[in-house]
Amino acid sequence: MFSIVIPTWNNLEYLKLCVDSIRRHSQSNHEIIIHINDGSDGTLEWVKAQGIKYSHTAKNIGICLAVNHLVAQTSRDWVLYMNDDMVACPGWDTAFAGAIESGGTDLALFFSTMIQPDNGRNPNIIKMNFGTTPENFDESRFLREYLSEARPDIEGGEAQPTLFHRKWWMMVGGYSLEFSPGMSSDDDLLMKFWVAGCRHFRIVGSSRFYHFSCKSTGRIRRNKGGRIFVMKWGITQKEFKQHYLGSLRPGAAPSKLAVRHPGLFPRTTLSGRLRRAAYGLLGEHPLQDIELWDSEPGQVPGHTDNPATVLKDPRRILVVVTLRIGDVLLSTPVIRSLHLAWPQAKIDVLVFEGTEGVLLRNPDIHRVLTVPARAGFWQHLRLILGLFRRYDVALTTLLGDRPTLYTWIAGKARFGMQDGSKKEHWKQYLLTRWAKFEHVDTHTVLTNLGLVDLLGIKRNHEVVVAWNPSDEVSVAGALPFAIGTETFAVLHMSPKFSYKMWHRNGWIELAQWLEVNGIRSVLTGSNDPAEMAYVEQIYRSMPPGTVSLAGKLSLAENAFLISRAKYYVGPDTALTHMAAALGTPTVALFGPSNPVKWGPWPKGYEDTRNPYRTRGTQRVNNVVLVQGGGDCVPC
């Protein structure tokens, strides 16, 4: 009866359940065609073994290309497009057949009534939880209860799966490729059918599918579908559904907009015109999101989805890291990656005043720009005028509003972070591309390197710590002994925040133990008066040979000192990150901080996995991270 097209991307267990449900719960014989994206999870082998007609590409090509390719291979008049994480309910096809017969036209779109564990406040979706994965799917209860909530057919509605006549799909051109990989492509298809004269958009109440909502979209770089829709049609998706599709519902009050413009093409709205103007000011164009998508990945010689090719060797790059010293330091792998990819480019870095010291000797950086953490109006104005579109590429490793705005102001191409929350969604309109920002489960260095992947250049994992010969001379003059003649350990006792502190007696006992073992203690600290007083108080109780350099050294000078130390011991602070990066044997005293996110990045660590577990004492390369295993860790 129908051709059923299913794109899949490494969701084998879901796909098995999907195909099995079609075979067992259909009243008629249907043609199944699957497009396999990647398939490295065993999907390709399984589909072959099942004798199912399929197509395959080496990597994910997105919904638009995949479904268009599948529909072109179908042999039946009516085609059903469904996701691989859906389960067909008994009688789904007979209900659709009845709807087609009663509709009286093949210029129509039919949709099933979806059942989901969470309906997202969508009244067209039935909220029932029969399981969230194939492993916990309660099929027996599903088969008993899937029809327990009666639903009528809904005219002027839209849902999934989608049933359409192949003739009209070809007539309107199927999914529009500018919506690749697929966000908002369904709404664009609805609009194209409307323009073709379709006035039958029906959700069939008794044709039902269970949807696990496994959200493969979380694994892709999403296109800005809402923006593209407005730029293309001059009307928002919400306005189209409310004023046009909504006018088809029996008993619905006529929409003033639809009545005023009864022709095939919905007219642009004030909201649409304003949005178009705003997107134009952002310097973006509606086809931008398709630029990085390959039509046939791995098969077209000479073509690439590498954004670095699109950027065409940028001359000026700005990296924005307006936060604390530790955040600035952990951005240096990104800076090193940029420098190695484009050695001719001048890389500037924008940071808060007081944090620039950790970058001043960095050989990868052309200039370090600073802005006060609480900048006034005129300071901000001068900064904006100095930055505005001066850079070929601007990027930020941070999620915050200010760094994202600075990035948007400065760059012709703009790259930043998104965490997927509604609160941060608006920033997508300021960025050319964005990487996934992880708050808890991914180390900051790996999160930052997501930007490097986005640019299509090679990762470099090195946290860069540098100094020059004048710093070596300064350190030699500050020490009462010659470096190289004595064995010493650097103890850094005072972090920025008191909750990260170790106890006073612990430092004293450590210095005494080091002295017994022939190792002199050298104390470091910032020039903050409170920190210097804290270090001085403990210093008085330490062995006579202890040296205090608290408040006397710059960050670059501290770096040289630590590089010559036999050991370094310190809490969760910038100097501890520097010691780990330098390869000095480091003992990091972690309190309630999350080591997965903030553990010192060990020298030479280049794995794509986090170096540390969530809690507890552990050793990675040159770093021993000491942390209790209590329930409150990490906090």
# chains A, B, ... in the order shown; residues from 1 in each chain; ligands from 1

$ residues_around --residues "stretch 56-70 of chain A" --least-positions-apart "6" --cutoff "10 Å" --atoms "only C-alpha atoms" --output "PyMOL selection string"
chain A and resi 3-10+32-40+44+79+81-83+169-170+173-183+185-186+217+220+293-299

$ residues_around --residues "A:Arg249" --least-positions-apart "6" --cutoff "10 Å" --atoms "only C-alpha atoms" --output "MDAnalysis selection string"
chainID A and resid 154:157 201:202

$ select_by_dssp --residues "stretch 83-247 of chain A" --states "strand (DSSP E or B)" --output "JSON, numbers by chain"
{"A": [86, 87, 88, 109, 110, 111, 112, 113, 114, 115, 116, 126, 127, 154, 155, 162, 163, 164, 165, 201, 202, 203, 204, 205, 206, 207, 208, 209, 210, 211]}

$ residues_around --residues "A:Leu360" --least-positions-apart "3" --cutoff "9 Å" --atoms "only C-alpha atoms" --output "ChimeraX atom specification"
/A:356-357,363,365,367-368,466-467,556
